[in-house]
Amino acid sequence: MTIKSGLARALGAAGVLALVAPAAAFAGDRVGTLQCKLMGNGLTVLVENQQIDCNYRDSKEGAEPAHYTGVLTKVGPNITINGQGELGWGVVAETSQPVGPGALAGEYAGGGVSGKIGVGGGGALLVGGSNQTFSLQPFSIEAGSGLGWNAGVEKLVLTYAPPPAPEEPKKKKSRKHGH
């Protein structure tokens with residue numbers, strides 16, 4: 001099998017996956033952006049896993065950002081060496097209401113392709129989250145150091161990381177005076 005036919009098959013499979021994803025997640029409004037830092041990894045072949053640290057920013061005025069951590073896995077023809085980088089998605093939902101903290105937590109899957117020599121770019125359309133009602137689209141935008149290419153299926157697992165609870169004020173010890 002040639003590289004060209006392998007790439008064509010991977011892209012075809014990614015396209016089929018995107019077509020069978022729940023249509024509800026595609027019919028909606030853009031409600032915000034998900035910006036992620038990629039932690040990088042070493043040489044990968046066929047399967048790539050990267051730890052991510054993300055912030056979701058809702059499009060509504062005054063909405064607080066939400067923090068997520070997770071893992072981005074890419075399966076398919078893949079030969080890469082990745083340094084740290086950044087990745088961004090537009091978030092589309094069935095509602096135009098603000099997305100609450102933790103609402104994006106869950107698993108997402110879809111087709112993707114990317115390439116880089118030093119700095120690169122790629123595209124991925126992922127569907128998932130709460131009851132398969134979110135899609136991360138239209139394309140991920142990736143920037144970072146590395147070398148390689150991949151095409152196939154991507155899976156993103158997001159876990160909500162709530163802010164730490166505020167510290168309780170320290171109680172002053174009362175002094176008892178003896179008279």
# chains A, B, ... in the order shown; residues from 1 in each chain; ligands from 1
>>> select_by_dssp(residues="segment 20-172 of chain A", states="strand (DSSP E or B)", output="PyMOL selection string")
chain A and resi 29-38+41-58+66-93+106-117+119-128+134-160
>>> write_last_selection(atoms="C-alpha atoms", output="tab-separated table (two decimals), in the first residue's frame")
chain	number	residue	atom	x	y	z
A	29	ASP	CA	-24.61	28.32	17.36
A	30	ARG	CA	-21.00	29.02	18.13
A	31	VAL	CA	-20.98	29.61	21.88
A	32	GLY	CA	-17.28	30.04	22.65
A	33	THR	CA	-13.70	28.90	22.14
A	34	LEU	CA	-11.58	26.17	23.69
A	35	GLN	CA	-7.86	27.06	23.84
A	36	CYS	CA	-5.49	24.24	24.81
A	37	LYS	CA	-1.80	23.88	25.56
A	38	LEU	CA	-0.27	20.64	24.27
A	41	ASN	CA	5.53	13.90	23.46
A	42	GLY	CA	8.31	11.90	21.85
A	43	LEU	CA	8.30	9.90	18.64
A	44	THR	CA	4.91	8.37	17.84
A	45	VAL	CA	3.89	5.88	15.17
A	46	LEU	CA	0.20	4.98	14.50
A	47	VAL	CA	-1.04	6.23	17.91
A	48	GLU	CA	-0.28	9.64	19.39
A	49	ASN	CA	-1.26	10.69	22.93
A	50	GLN	CA	-0.74	14.19	24.31
A	51	GLN	CA	-1.70	15.66	27.67
A	52	ILE	CA	-3.60	18.94	27.32
A	53	ASP	CA	-4.50	21.87	29.55
A	54	CYS	CA	-7.44	23.95	28.28
A	55	ASN	CA	-9.49	27.06	29.00
A	56	TYR	CA	-13.01	27.54	27.66
A	57	ARG	CA	-14.16	31.10	27.05
A	58	ASP	CA	-17.87	31.63	26.49
A	66	ALA	CA	-13.66	27.29	32.71
A	67	HIS	CA	-10.53	25.14	33.12
A	68	TYR	CA	-10.24	21.61	31.69
A	69	THR	CA	-7.48	19.02	31.49
A	70	GLY	CA	-7.37	15.93	29.34
A	71	VAL	CA	-5.79	13.73	26.72
A	72	LEU	CA	-5.84	14.08	22.93
A	73	THR	CA	-5.36	10.75	21.11
A	74	LYS	CA	-4.84	10.42	17.36
A	75	VAL	CA	-5.05	7.01	15.68
A	76	GLY	CA	-4.17	6.38	12.06
A	77	PRO	CA	-1.23	6.84	9.72
A	78	ASN	CA	0.97	8.88	12.01
A	79	ILE	CA	4.67	9.56	12.28
A	80	THR	CA	5.40	12.56	14.49
A	81	ILE	CA	7.71	14.09	17.04
A	82	ASN	CA	5.92	16.82	18.99
A	83	GLY	CA	7.13	19.59	21.23
A	84	GLN	CA	4.85	21.80	23.26
A	85	GLY	CA	2.22	23.68	21.32
A	86	GLU	CA	-1.23	25.23	21.29
A	87	LEU	CA	-4.54	24.14	19.84
A	88	GLY	CA	-7.87	25.94	19.48
A	89	TRP	CA	-11.44	25.01	18.56
A	90	GLY	CA	-14.66	26.90	18.05
A	91	VAL	CA	-17.33	25.37	20.33
A	92	VAL	CA	-20.79	24.87	18.80
A	93	ALA	CA	-23.84	23.87	20.86
A	106	GLY	CA	-16.66	14.23	28.40
A	107	GLU	CA	-15.39	12.37	25.36
A	108	TYR	CA	-15.24	13.73	21.82
A	109	ALA	CA	-14.37	11.90	18.60
A	110	GLY	CA	-14.05	12.66	14.93
A	111	GLY	CA	-11.79	12.80	11.92
A	112	GLY	CA	-8.63	14.84	11.68
A	113	VAL	CA	-5.51	15.51	9.65
A	114	SER	CA	-2.40	17.58	10.44
A	115	GLY	CA	1.16	18.11	9.36
A	116	LYS	CA	4.16	20.10	10.52
A	117	ILE	CA	7.76	20.84	9.83
A	119	VAL	CA	5.31	24.68	12.90
A	120	GLY	CA	2.22	23.19	11.32
A	121	GLY	CA	-1.52	23.14	11.14
A	122	GLY	CA	-4.36	20.73	11.00
A	123	GLY	CA	-8.07	20.22	10.97
A	124	ALA	CA	-10.36	18.16	13.19
A	125	LEU	CA	-14.11	18.03	13.71
A	126	LEU	CA	-14.94	16.43	17.07
A	127	VAL	CA	-18.40	15.69	18.51
A	128	GLY	CA	-19.21	14.75	22.10
A	134	PHE	CA	-21.31	19.87	21.57
A	135	SER	CA	-19.04	19.92	18.58
A	136	LEU	CA	-15.56	21.36	18.42
A	137	GLN	CA	-15.24	22.85	14.95
A	138	PRO	CA	-14.84	23.87	12.22
A	139	PHE	CA	-11.17	23.06	12.45
A	140	SER	CA	-8.66	22.87	15.19
A	141	ILE	CA	-5.83	25.32	14.76
A	142	GLU	CA	-2.54	23.87	15.92
A	143	ALA	CA	0.81	25.58	16.39
A	144	GLY	CA	3.88	24.10	17.99
A	145	SER	CA	7.27	22.65	17.35
A	146	GLY	CA	7.66	19.24	15.80
A	147	LEU	CA	8.00	17.18	12.69
A	148	GLY	CA	5.55	14.78	11.06
A	149	TRP	CA	2.05	14.18	9.73
A	150	ASN	CA	-1.03	12.22	10.71
A	151	ALA	CA	-4.51	11.46	9.42
A	152	GLY	CA	-7.27	9.42	10.96
A	153	VAL	CA	-9.52	9.43	13.99
A	154	GLU	CA	-9.03	11.75	16.95
A	155	LYS	CA	-10.39	11.32	20.46
A	156	LEU	CA	-10.38	14.06	23.08
A	157	VAL	CA	-11.22	13.39	26.73
A	158	LEU	CA	-11.90	16.56	28.76
A	159	THR	CA	-12.13	16.66	32.57
A	160	TYR	CA	-13.42	19.77	34.34
>>> closest_residue(among="A:Gly129, A:Pro163, A:Glu168, A:Ser59", to="Ala105 of chain A", atoms="only C-alpha atoms")
A:Gly129
>>> atom_distance(atom1="atom CA of Gly102 of chain A", atom2="atom CA of Lys60 of chain A")
16.2 Å
>>> atom_distance(atom1="atom CA of Pro162 of chain A", atom2="atom CA of Pro101 of chain A")
7.8 Å
